[in-house]
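**Student:** To start, I am sharing the structure in question, which I have written as structure tokens.
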Amino acid sequence: MEKRVTFKGLWLPLLLVAPQLAITAVFFFYPAGQAIWQSLFIPDPFGLSMQWVGLGNFEYLLSDKYYRASFVTTAVFSILVTVVSMGVALYLAVLADRLIKGSGTYRTLLIWPYAVAPAVAGVLWLFMFNTRVGVVTWYLGLLGYDWNHVLNENEAMGLVVIASAWGRISYNFLFFLAGLQAIPKSVIEAAAIDGARFWTRFRTIVFPLLSPTTFFLLVVNIVYAFFETFGVIHTITSGGPQQATTILVYKVYSDGFVSQDLGSSAAQSVILLVIVGALTIFQFKFIERRVHY
Amino acid sequence: MATVTLENLHKSYGKVAVIHGVDIDIKDGEFIVIVGPSGCGKSTLLRMVAGLEGVSDGEVRIDGKRVNEKEPMDRDIAMVFQNYALYPHMSVAQNMGYGLKIAKTPKAEIDTRVAEAARLLQLEPYLDRRPRELSGGQRQRVAMGRAIVRRPSVFLFDEPLSNLDAKLRVQMRLEIKQLQRELGVTALYVTHDQVEAMTLADRMIVMNAGVAEQIGAPLEVYANPRTAFVAGFIGSPPTNFMAAPDGGQIGVRPEHVSVVAPDAGNVTGRVQYTEPLGAETLVHVILENGETATVRQDGTVPIPAEKQDVGLAWDKAVEMRFGSDGVRVDAR
Ligand SMILES: Nc1ncnc2c1ncn2[C@@H]1O[C@H](COP(=O)(O)OP(=O)(O)O)[C@@H](O)[C@H]1O
Ligand SMILES: [Mg+2]
């Protein structure tokens, strides 16, 4: 079944993809090339000259204990954001799937957080958890808990995870709900007749049938946690305390723009570039093929 | 094995009533077919027996015990769905063994029972395949296999053959009937196809708009339809209806009518078109009063020309008389 439209000749197809190619070139290849080029130099303190160091920046980074710590931080942060945002979204989607009436309202309400920019979401959560005036902090205080994410590393991590995951829940929810609704009702009924109660049905039928959606979301959310949470972290913790929330992307920024260590910053971008590439290849090669039944 | 009793069974969705009170006592091992046009409530009725729909009023009893409040899994039933509802991520063997696995049956026994069902249904070569790698007929068999490995007391079928092509449908129809006989299981079978109903049923429930218009053995229903609806629905081509002087209707089956000379029949009309099918011929006639009638005559009888004026004759004894409410009025 060949459903693709095929164009004859060379010029028309080229013309049609040209705008896309141009955008990719200007906004991706050019900066990526620059980053790779810069990562091979160390500029002098005044930015007047650059000294060739080959892979020196990379060697230095890989032996730097702060950079390695940032890797661990990123891993913990990404896993937590992904698990929290997908877990909550799946739970809500299962509830909504059972709801026939009113699911429209429910869906609309749930999609709102997605429209909130990460930095704004950060401010919102920061406000609620503000160590002096935050409403949640106040209630936690009543319960005898002294919330202070400015000093406590785990609390800081928890807060940026929640703030980042929150914005993703609606996105994940929509995909999960669509995935759930694509499962024929009769299949679930057949399982019920076969003796499977709710949780068994979920474990043995629903979840396996959702796996293409789940794996897709897994990759998308990890990529999100890696790269798009900058705004949240910047507004809430600025990477602190003691770099406890400095994920790789944030370190590119703080080393490059705050510490003006442009060579190292460029090298870090190149490493991130490699990671995205690997994730993408992983998604296409492994997931697209494995997860279909 | 089990008896099934439906007592004054009602179903409403909100204010809309879709089943208006069905009563039947189904004997152990009986094959009951629920037949009627699309939307008349056949599936709803079956799903109430399955426990997939709540009962609004009345009672469902399996083996004498009320099951209204029981979950589907606690009713000792199995169901075959129109779209088969196979588990797409499981092999044929896993599909069939799923219910046993849930019930924590020992692995060896699951394997034996699945192998047995596979042999019965000629599915042995496909046990490791996924449903999407099977043809429609094979999927249908897997759905049957999934139902039989659990050895339920009651089989429920919701239009299990309507997604198959005509030839396969005839073949599977036969197999379902044989299987049910062999296993001696009570069966409820939903279809909109009256031929399927006639060939499969020990007794059939003819449904119309949520009402069981008639319950009886196929030939008995055919010979003595209780309402005009049943007379029109059971039998193909459908019964000819003519307005009666008293405001009711007279029904005559096409096979009871013959084409004669214009002045020799009970009524006269003009041949509209003919359908020679080989063994038989269908002659469609427009009567003088504008009503249409169909004659089903043997293939060996000469076929009248189109536009020809003819008479239609039948024995008054085969006439069926219905009142203005559609209910049969002549004593039977
Ligand atoms: N969940 C539901 N909500 C409201 N009406 C329904 C629902 N399910 C079925 N119906 C209505 O009940 C009637 C009978 O449906 P159904 O039992 O599926 O008919 P059949 O199987 O004979 O084609 C139909 O008019 C249908 O629109
Ligand atoms: Mg139906």
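Going by the structure tokens order, chains are called A, B, ..., each with residues numbered from 1, while ligands are numbered from 1 in the order shown.
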How close does each residue of range 30-56 of chain B get to range 158-174 of chain B, giving the shortest atom pair and distance in Å to one decimal for every residue with an atom at most 12 Å away, counting only C-alpha atoms, sorted by chain and residue number, as a Markdown table?
**Tutor:**
```
| residue | atom | partner | partner_atom | distance |
| --- | --- | --- | --- | --- |
| B:Val33 | CA | B:Asp158 | CA | 10.1 |
| B:Ile34 | CA | B:Asp158 | CA | 9.4 |
| B:Val35 | CA | B:Glu159 | CA | 9.8 |
| B:Gly36 | CA | B:Glu159 | CA | 11.4 |
| B:Ser38 | CA | B:Glu159 | CA | 11.0 |
| B:Gly41 | CA | B:Asp158 | CA | 11.6 |
| B:Lys42 | CA | B:Asp158 | CA | 8.4 |
| B:Ser43 | CA | B:Asp158 | CA | 6.5 |
| B:Thr44 | CA | B:Asp158 | CA | 9.9 |
| B:Leu45 | CA | B:Asp158 | CA | 10.3 |
| B:Leu46 | CA | B:Asp158 | CA | 7.5 |
| B:Arg47 | CA | B:Asp158 | CA | 8.8 |
| B:Val49 | CA | B:Asp158 | CA | 11.8 |
| B:Ala50 | CA | B:Asp158 | CA | 10.8 |
```
**Student:** Please produce an output containing N, CA, C and O atoms for each residue in the selection, written as a tab-separated table (two decimals), in the first residue's frame.
**Tutor:**
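Generated output (out01.tsv):
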```
chain	number	residue	atom	x	y	z
B	33	VAL	N	-31.71	-18.05	19.77
B	33	VAL	CA	-31.25	-16.96	18.92
B	33	VAL	C	-32.14	-15.75	19.13
B	33	VAL	O	-33.37	-15.86	19.11
B	34	ILE	N	-31.50	-14.61	19.37
B	34	ILE	CA	-32.23	-13.35	19.49
B	34	ILE	C	-32.08	-12.65	18.15
B	34	ILE	O	-30.97	-12.33	17.74
B	35	VAL	N	-33.19	-12.47	17.44
B	35	VAL	CA	-33.11	-11.92	16.09
B	35	VAL	C	-34.03	-10.70	15.98
B	35	VAL	O	-35.08	-10.63	16.63
B	36	GLY	N	-33.60	-9.74	15.17
B	36	GLY	CA	-34.41	-8.54	14.99
B	36	GLY	C	-33.59	-7.51	14.24
B	36	GLY	O	-32.38	-7.68	14.07
B	38	SER	N	-31.60	-3.99	13.24
B	38	SER	CA	-30.59	-3.23	13.94
B	38	SER	C	-31.23	-2.20	14.88
B	38	SER	O	-32.19	-1.54	14.50
B	41	GLY	N	-32.48	-3.70	20.24
B	41	GLY	CA	-32.15	-4.00	21.63
B	41	GLY	C	-31.58	-5.40	21.86
B	41	GLY	O	-31.47	-5.83	23.00
B	42	LYS	N	-31.17	-6.08	20.80
B	42	LYS	CA	-30.64	-7.43	20.93
B	42	LYS	C	-29.37	-7.45	21.77
B	42	LYS	O	-29.24	-8.22	22.72
B	43	SER	N	-28.43	-6.57	21.41
B	43	SER	CA	-27.16	-6.55	22.13
B	43	SER	C	-27.38	-6.17	23.59
B	43	SER	O	-26.77	-6.75	24.49
B	44	THR	N	-28.25	-5.21	23.80
B	44	THR	CA	-28.53	-4.76	25.16
B	44	THR	C	-29.04	-5.92	26.01
B	44	THR	O	-28.58	-6.13	27.13
B	45	LEU	N	-29.93	-6.70	25.44
B	45	LEU	CA	-30.48	-7.85	26.15
B	45	LEU	C	-29.36	-8.85	26.50
B	45	LEU	O	-29.25	-9.29	27.65
B	46	LEU	N	-28.53	-9.14	25.51
B	46	LEU	CA	-27.45	-10.10	25.72
B	46	LEU	C	-26.46	-9.59	26.77
B	46	LEU	O	-25.99	-10.33	27.63
B	47	ARG	N	-26.17	-8.28	26.68
B	47	ARG	CA	-25.19	-7.70	27.60
B	47	ARG	C	-25.72	-7.64	29.03
B	47	ARG	O	-24.94	-7.62	29.98
B	49	VAL	N	-27.48	-10.09	30.24
B	49	VAL	CA	-27.22	-11.46	30.71
B	49	VAL	C	-25.74	-11.61	31.06
B	49	VAL	O	-25.37	-12.25	32.04
B	50	ALA	N	-24.89	-10.95	30.27
B	50	ALA	CA	-23.44	-11.05	30.50
B	50	ALA	C	-23.00	-10.28	31.74
B	50	ALA	O	-21.96	-10.56	32.31
```
**Student:** With a distance threshold of 8 Å and counting only C-alpha atoms, extract the residues of chain B near chain A and express them as a ChimeraX atom specification.
**Tutor:** /B:50,52,72-74,77-79,81,83,85-89,98-100,102-103,130
**Student:** At a cut-off of 12 Å, using only C-alpha atoms, what residues contact Gln138 in chain B? Leave out same-chain residues fewer than 5 positions from it and give the result as a list in words.
**Tutor:**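 Listing them by chain and then by number gives Tyr84, Leu86, Val92, Ala118, Leu121, Gln122, Leu123, Glu124, Pro125, Tyr126, Leu127, Arg129, Arg130, Pro131, Arg132, Glu133, Ala143, Met144, Gly145, Leu161, Asn163, Leu164, Leu168 and Met172 of chain B.
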**Student:** Go through A:Ala117, A:Val270, A:Val276, A:Ile36 and flag the residue nearest Arg168 in chain A, using only C-alpha atoms for the distances.
**Tutor:**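 Once distances to Arg168 in chain A are computed over only C-alpha atoms, the minimum belongs to A:Ala117.
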**Student:** Determine, counting only C-alpha atoms, which protein, DNA and RNA residues have an atom within 12 Å of an atom of Val16 in chain B; residues of the same chain fewer than 6 positions away are not included. Present the result as a list in words.
**Tutor:**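 Final neighbour list, sorted by chain and number: His10, Ser56, Ala209 and Gly210 of chain B.
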**Student:** Would you save the residues from that selection as a short mmCIF file (atom, residue, chain, number, x, y, z; two decimals), in the first residue's frame, using N, CA and C atoms?
**Tutor:**
```cif
data_model
loop_
_atom_site.label_atom_id
_atom_site.label_comp_id
_atom_site.auth_asym_id
_atom_site.auth_seq_id
_atom_site.Cartn_x
_atom_site.Cartn_y
_atom_site.Cartn_z
N HIS B 10 -36.19 -5.33 31.96
CA HIS B 10 -36.31 -3.98 31.41
C HIS B 10 -34.95 -3.31 31.40
N SER B 56 -32.30 -2.63 34.57
CA SER B 56 -33.12 -1.55 35.14
C SER B 56 -34.25 -2.10 35.97
N ALA B 209 -38.12 -3.23 18.40
CA ALA B 209 -38.19 -2.04 19.24
C ALA B 209 -38.28 -2.37 20.73
N GLY B 210 -37.41 -3.27 21.17
CA GLY B 210 -37.32 -3.55 22.60
C GLY B 210 -38.37 -4.50 23.14
#
```
**Student:** So how far away is CA of Asn95 in chain B from CA of Lys107 in chain B, in Å?
**Tutor:** 14.2 Å
**Student:** Work out how far CA of Asn289 in chain B is from CA of Pro245 in chain B, in Å to one decimal.
**Tutor:** 13.1 Å
**Student:** Determine, counting only C-alpha atoms, which protein, DNA and RNA residues have an atom within 12 Å of an atom of Thr280 in chain A; residues of the same chain fewer than 3 positions away are not included. Present the result as a PyMOL selection string.
**Tutor:** chain A and resi 216+218-220+222-223+273-277+283-288
**Student:** Please identify which residues in range 150-190 of chain B DSSP calls strand (DSSP E) from the backbone, and express them as a list in words.
**Tutor:**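 Restricting range 150-190 of chain B to strand (DSSP E) produces Val154, Phe155, Leu156, Phe157, Asp158, Thr186, Ala187, Leu188, Tyr189 and Val190 of chain B.
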**Student:** For the residues in the current selection, export N, CA and C atoms as a PDB file, in the first residue's frame.
**Tutor:**
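Done, and the output landed in again-v7.pdb:
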```pdb
ATOM      1  N   VAL B 154     -22.696 -21.004  30.073  1.00  0.00           N
ATOM      2  CA  VAL B 154     -23.497 -20.323  29.052  1.00  0.00           C
ATOM      3  C   VAL B 154     -22.571 -19.619  28.057  1.00  0.00           C
ATOM      4  N   PHE B 155     -22.843 -19.795  26.791  1.00  0.00           N
ATOM      5  CA  PHE B 155     -22.156 -19.074  25.713  1.00  0.00           C
ATOM      6  C   PHE B 155     -23.019 -17.909  25.274  1.00  0.00           C
ATOM      7  N   LEU B 156     -22.408 -16.747  25.135  1.00  0.00           N
ATOM      8  CA  LEU B 156     -23.135 -15.604  24.582  1.00  0.00           C
ATOM      9  C   LEU B 156     -22.432 -15.188  23.293  1.00  0.00           C
ATOM     10  N   PHE B 157     -23.202 -15.000  22.245  1.00  0.00           N
ATOM     11  CA  PHE B 157     -22.623 -14.578  20.963  1.00  0.00           C
ATOM     12  C   PHE B 157     -23.313 -13.303  20.515  1.00  0.00           C
ATOM     13  N   ASP B 158     -22.535 -12.258  20.211  1.00  0.00           N
ATOM     14  CA  ASP B 158     -23.135 -11.030  19.673  1.00  0.00           C
ATOM     15  C   ASP B 158     -22.720 -10.863  18.215  1.00  0.00           C
ATOM     16  N   THR B 186     -25.493 -24.263  27.039  1.00  0.00           N
ATOM     17  CA  THR B 186     -26.592 -23.355  26.751  1.00  0.00           C
ATOM     18  C   THR B 186     -26.036 -22.159  25.977  1.00  0.00           C
ATOM     19  N   ALA B 187     -26.742 -21.725  24.928  1.00  0.00           N
ATOM     20  CA  ALA B 187     -26.217 -20.619  24.126  1.00  0.00           C
ATOM     21  C   ALA B 187     -27.276 -19.565  23.845  1.00  0.00           C
ATOM     22  N   LEU B 188     -26.842 -18.296  23.942  1.00  0.00           N
ATOM     23  CA  LEU B 188     -27.665 -17.178  23.490  1.00  0.00           C
ATOM     24  C   LEU B 188     -26.916 -16.512  22.356  1.00  0.00           C
ATOM     25  N   TYR B 189     -27.583 -16.356  21.236  1.00  0.00           N
ATOM     26  CA  TYR B 189     -26.904 -15.924  20.032  1.00  0.00           C
ATOM     27  C   TYR B 189     -27.685 -14.771  19.413  1.00  0.00           C
ATOM     28  N   VAL B 190     -27.007 -13.630  19.222  1.00  0.00           N
ATOM     29  CA  VAL B 190     -27.667 -12.456  18.658  1.00  0.00           C
ATOM     30  C   VAL B 190     -27.334 -12.332  17.181  1.00  0.00           C
TER      31      VAL B 190
END
```
**Student:** Please, which residues of range 214-245 of chain B, numbered as in this document, come out alpha helix (DSSP H) from DSSP, as a PDB file with all heavy atoms, in the first residue's frame?
**Tutor:**
```
ATOM      1  N   PRO B 218     -38.045 -22.144  15.223  1.00  0.00           N
ATOM      2  CA  PRO B 218     -38.018 -21.427  13.949  1.00  0.00           C
ATOM      3  C   PRO B 218     -39.188 -21.760  13.022  1.00  0.00           C
ATOM      4  O   PRO B 218     -39.858 -20.859  12.530  1.00  0.00           O
ATOM      5  CB  PRO B 218     -36.688 -21.851  13.339  1.00  0.00           C
ATOM      6  CG  PRO B 218     -35.827 -22.182  14.495  1.00  0.00           C
ATOM      7  CD  PRO B 218     -36.723 -22.727  15.553  1.00  0.00           C
ATOM      8  N   LEU B 219     -39.440 -23.050  12.811  1.00  0.00           N
ATOM      9  CA  LEU B 219     -40.488 -23.401  11.855  1.00  0.00           C
ATOM     10  C   LEU B 219     -41.869 -23.031  12.360  1.00  0.00           C
ATOM     11  O   LEU B 219     -42.743 -22.643  11.583  1.00  0.00           O
ATOM     12  CB  LEU B 219     -40.414 -24.895  11.519  1.00  0.00           C
ATOM     13  CG  LEU B 219     -39.185 -25.254  10.678  1.00  0.00           C
ATOM     14  CD1 LEU B 219     -39.151 -26.741  10.370  1.00  0.00           C
ATOM     15  CD2 LEU B 219     -39.128 -24.417   9.388  1.00  0.00           C
ATOM     16  N   GLU B 220     -42.026 -23.111  13.661  1.00  0.00           N
ATOM     17  CA  GLU B 220     -43.295 -22.728  14.271  1.00  0.00           C
ATOM     18  C   GLU B 220     -43.536 -21.220  14.099  1.00  0.00           C
ATOM     19  O   GLU B 220     -44.632 -20.778  13.747  1.00  0.00           O
ATOM     20  CB  GLU B 220     -43.209 -23.127  15.744  1.00  0.00           C
ATOM     21  CG  GLU B 220     -44.372 -22.771  16.631  1.00  0.00           C
ATOM     22  CD  GLU B 220     -43.946 -22.935  18.089  1.00  0.00           C
ATOM     23  OE1 GLU B 220     -43.313 -23.964  18.427  1.00  0.00           O
ATOM     24  OE2 GLU B 220     -44.217 -22.011  18.882  1.00  0.00           O
ATOM     25  N   VAL B 221     -42.487 -20.451  14.306  1.00  0.00           N
ATOM     26  CA  VAL B 221     -42.590 -18.997  14.125  1.00  0.00           C
ATOM     27  C   VAL B 221     -42.870 -18.680  12.662  1.00  0.00           C
ATOM     28  O   VAL B 221     -43.706 -17.837  12.336  1.00  0.00           O
ATOM     29  CB  VAL B 221     -41.299 -18.287  14.595  1.00  0.00           C
ATOM     30  CG1 VAL B 221     -41.330 -16.814  14.217  1.00  0.00           C
ATOM     31  CG2 VAL B 221     -41.111 -18.451  16.089  1.00  0.00           C
ATOM     32  N   TYR B 222     -42.187 -19.412  11.796  1.00  0.00           N
ATOM     33  CA  TYR B 222     -42.376 -19.184  10.361  1.00  0.00           C
ATOM     34  C   TYR B 222     -43.808 -19.503   9.948  1.00  0.00           C
ATOM     35  O   TYR B 222     -44.453 -18.749   9.221  1.00  0.00           O
ATOM     36  CB  TYR B 222     -41.391 -20.057   9.578  1.00  0.00           C
ATOM     37  CG  TYR B 222     -41.570 -19.973   8.096  1.00  0.00           C
ATOM     38  CD1 TYR B 222     -41.004 -18.929   7.366  1.00  0.00           C
ATOM     39  CD2 TYR B 222     -42.331 -20.922   7.414  1.00  0.00           C
ATOM     40  CE1 TYR B 222     -41.194 -18.835   6.002  1.00  0.00           C
ATOM     41  CE2 TYR B 222     -42.519 -20.836   6.054  1.00  0.00           C
ATOM     42  CZ  TYR B 222     -41.945 -19.784   5.355  1.00  0.00           C
ATOM     43  OH  TYR B 222     -42.136 -19.683   4.016  1.00  0.00           O
ATOM     44  N   ALA B 223     -44.298 -20.620  10.447  1.00  0.00           N
ATOM     45  CA  ALA B 223     -45.625 -21.059  10.039  1.00  0.00           C
ATOM     46  C   ALA B 223     -46.725 -20.229  10.691  1.00  0.00           C
ATOM     47  O   ALA B 223     -47.767 -19.986  10.088  1.00  0.00           O
ATOM     48  CB  ALA B 223     -45.814 -22.534  10.381  1.00  0.00           C
ATOM     49  N   ALA B 228     -47.668  -9.010  12.569  1.00  0.00           N
ATOM     50  CA  ALA B 228     -47.314  -8.646  11.202  1.00  0.00           C
ATOM     51  C   ALA B 228     -45.810  -8.420  11.089  1.00  0.00           C
ATOM     52  O   ALA B 228     -45.183  -8.760  10.089  1.00  0.00           O
ATOM     53  CB  ALA B 228     -48.069  -7.388  10.787  1.00  0.00           C
ATOM     54  N   PHE B 229     -45.219  -7.860  12.167  1.00  0.00           N
ATOM     55  CA  PHE B 229     -43.787  -7.634  12.130  1.00  0.00           C
ATOM     56  C   PHE B 229     -43.042  -8.952  11.946  1.00  0.00           C
ATOM     57  O   PHE B 229     -42.142  -9.067  11.109  1.00  0.00           O
ATOM     58  CB  PHE B 229     -43.302  -6.934  13.405  1.00  0.00           C
ATOM     59  CG  PHE B 229     -41.808  -6.897  13.490  1.00  0.00           C
ATOM     60  CD1 PHE B 229     -41.101  -5.944  12.795  1.00  0.00           C
ATOM     61  CD2 PHE B 229     -41.119  -7.868  14.211  1.00  0.00           C
ATOM     62  CE1 PHE B 229     -39.718  -5.941  12.819  1.00  0.00           C
ATOM     63  CE2 PHE B 229     -39.743  -7.871  14.242  1.00  0.00           C
ATOM     64  CZ  PHE B 229     -39.041  -6.905  13.545  1.00  0.00           C
ATOM     65  N   VAL B 230     -43.407  -9.957  12.733  1.00  0.00           N
ATOM     66  CA  VAL B 230     -42.721 -11.247  12.655  1.00  0.00           C
ATOM     67  C   VAL B 230     -42.924 -11.858  11.268  1.00  0.00           C
ATOM     68  O   VAL B 230     -41.986 -12.372  10.649  1.00  0.00           O
ATOM     69  CB  VAL B 230     -43.226 -12.203  13.757  1.00  0.00           C
ATOM     70  CG1 VAL B 230     -42.599 -13.578  13.606  1.00  0.00           C
ATOM     71  CG2 VAL B 230     -42.935 -11.628  15.128  1.00  0.00           C
ATOM     72  N   ALA B 231     -44.154 -11.768  10.746  1.00  0.00           N
ATOM     73  CA  ALA B 231     -44.436 -12.316   9.417  1.00  0.00           C
ATOM     74  C   ALA B 231     -43.568 -11.646   8.363  1.00  0.00           C
ATOM     75  O   ALA B 231     -43.092 -12.277   7.429  1.00  0.00           O
ATOM     76  CB  ALA B 231     -45.914 -12.126   9.086  1.00  0.00           C
ATOM     77  N   GLY B 232     -43.338 -10.343   8.538  1.00  0.00           N
ATOM     78  CA  GLY B 232     -42.537  -9.610   7.573  1.00  0.00           C
ATOM     79  C   GLY B 232     -41.052  -9.859   7.745  1.00  0.00           C
ATOM     80  O   GLY B 232     -40.292  -9.835   6.785  1.00  0.00           O
ATOM     81  N   PHE B 233     -40.630 -10.097   8.989  1.00  0.00           N
ATOM     82  CA  PHE B 233     -39.190 -10.191   9.252  1.00  0.00           C
ATOM     83  C   PHE B 233     -38.647 -11.592   8.993  1.00  0.00           C
ATOM     84  O   PHE B 233     -37.536 -11.755   8.502  1.00  0.00           O
ATOM     85  CB  PHE B 233     -38.892  -9.770  10.690  1.00  0.00           C
ATOM     86  CG  PHE B 233     -37.432  -9.557  10.937  1.00  0.00           C
ATOM     87  CD1 PHE B 233     -36.810  -8.398  10.503  1.00  0.00           C
ATOM     88  CD2 PHE B 233     -36.678 -10.526  11.583  1.00  0.00           C
ATOM     89  CE1 PHE B 233     -35.458  -8.208  10.706  1.00  0.00           C
ATOM     90  CE2 PHE B 233     -35.323 -10.329  11.786  1.00  0.00           C
ATOM     91  CZ  PHE B 233     -34.711  -9.173  11.352  1.00  0.00           C
TER      92      PHE B 233
END
```
**Student:** I'd like to know which of B:Glu280, B:Asp193, B:Glu255, B:Asp246 is closest to ligand 2, using only C-alpha atoms and all ligand atoms.
**Tutor:**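 Between B:Glu280, B:Asp193, B:Glu255, B:Asp246, the residue approaching ligand 2 most closely is B:Asp193.
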**Student:** Choose the residue, out of B:Glu306, B:Ala117, B:Trp314, B:Gln82, that has the smallest atom-to-atom separation from Thr191 in chain B; count only C-alpha atoms.
**Tutor:**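 Looking only at the distances to Thr191 in chain B, the closest residue turns out to be B:Gln82.
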**Student:** If you count only C-alpha atoms, which residues fall within 8 Å of range 1-6 of chain B, apart from same-chain ones fewer than 2 positions away, as a list in words?
**Tutor:**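 Listed by chain and then number, they are Asn8, Leu9, Val22, Asp23, Ile24, Asp25, Ile26, Lys27, Asp28, Gly29, Gly58, Glu59, Val60, Arg61, Ile62, Asp63, Gly64, Pro152, Ser153, Val154, Gly184, Val185 and Thr186 of chain B.
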**Student:** Show which residues sit within 12 Å of range 59-64 of chain A, as a list of chain:residue names. Count only C-alpha atoms, and ignore same-chain residues fewer than 2 positions away.
**Tutor:** A:Ser39, A:Leu40, A:Ile42, A:Val53, A:Gly54, A:Leu55, A:Gly56, A:Asn57, A:Tyr66, A:Tyr67, A:Arg68, A:Ala69, A:Ser70, A:Phe71, A:Leu248, A:Lys251, A:Val252, A:Asp255, A:Asp261, A:Gly263, A:Ser264, A:Ser265, A:Ala266, A:Ala267, A:Gln268, A:Ser269, A:Val270, A:Ile271
**Student:** State, in Å with one decimal place, the distance from CA of Thr246 in chain A to CA of Ala278 in chain A.
**Tutor:**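 The value is 21.8 Å.
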**Student:** When you count only C-alpha atoms and all ligand atoms, which of these residues is closest to ligand 2: B:Lys65, B:Arg328, B:His192, B:Leu282?
**Tutor:**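 Smallest distance to ligand 2 is found for B:His192.
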**Student:** Go through A:Val133, A:Ala22, A:Leu217, A:Val94 one by one, measure the shortest atom-to-atom distance of each to Thr82 in chain A using only C-alpha atoms, and give the residue with the smallest value.
**Tutor:** A:Leu217
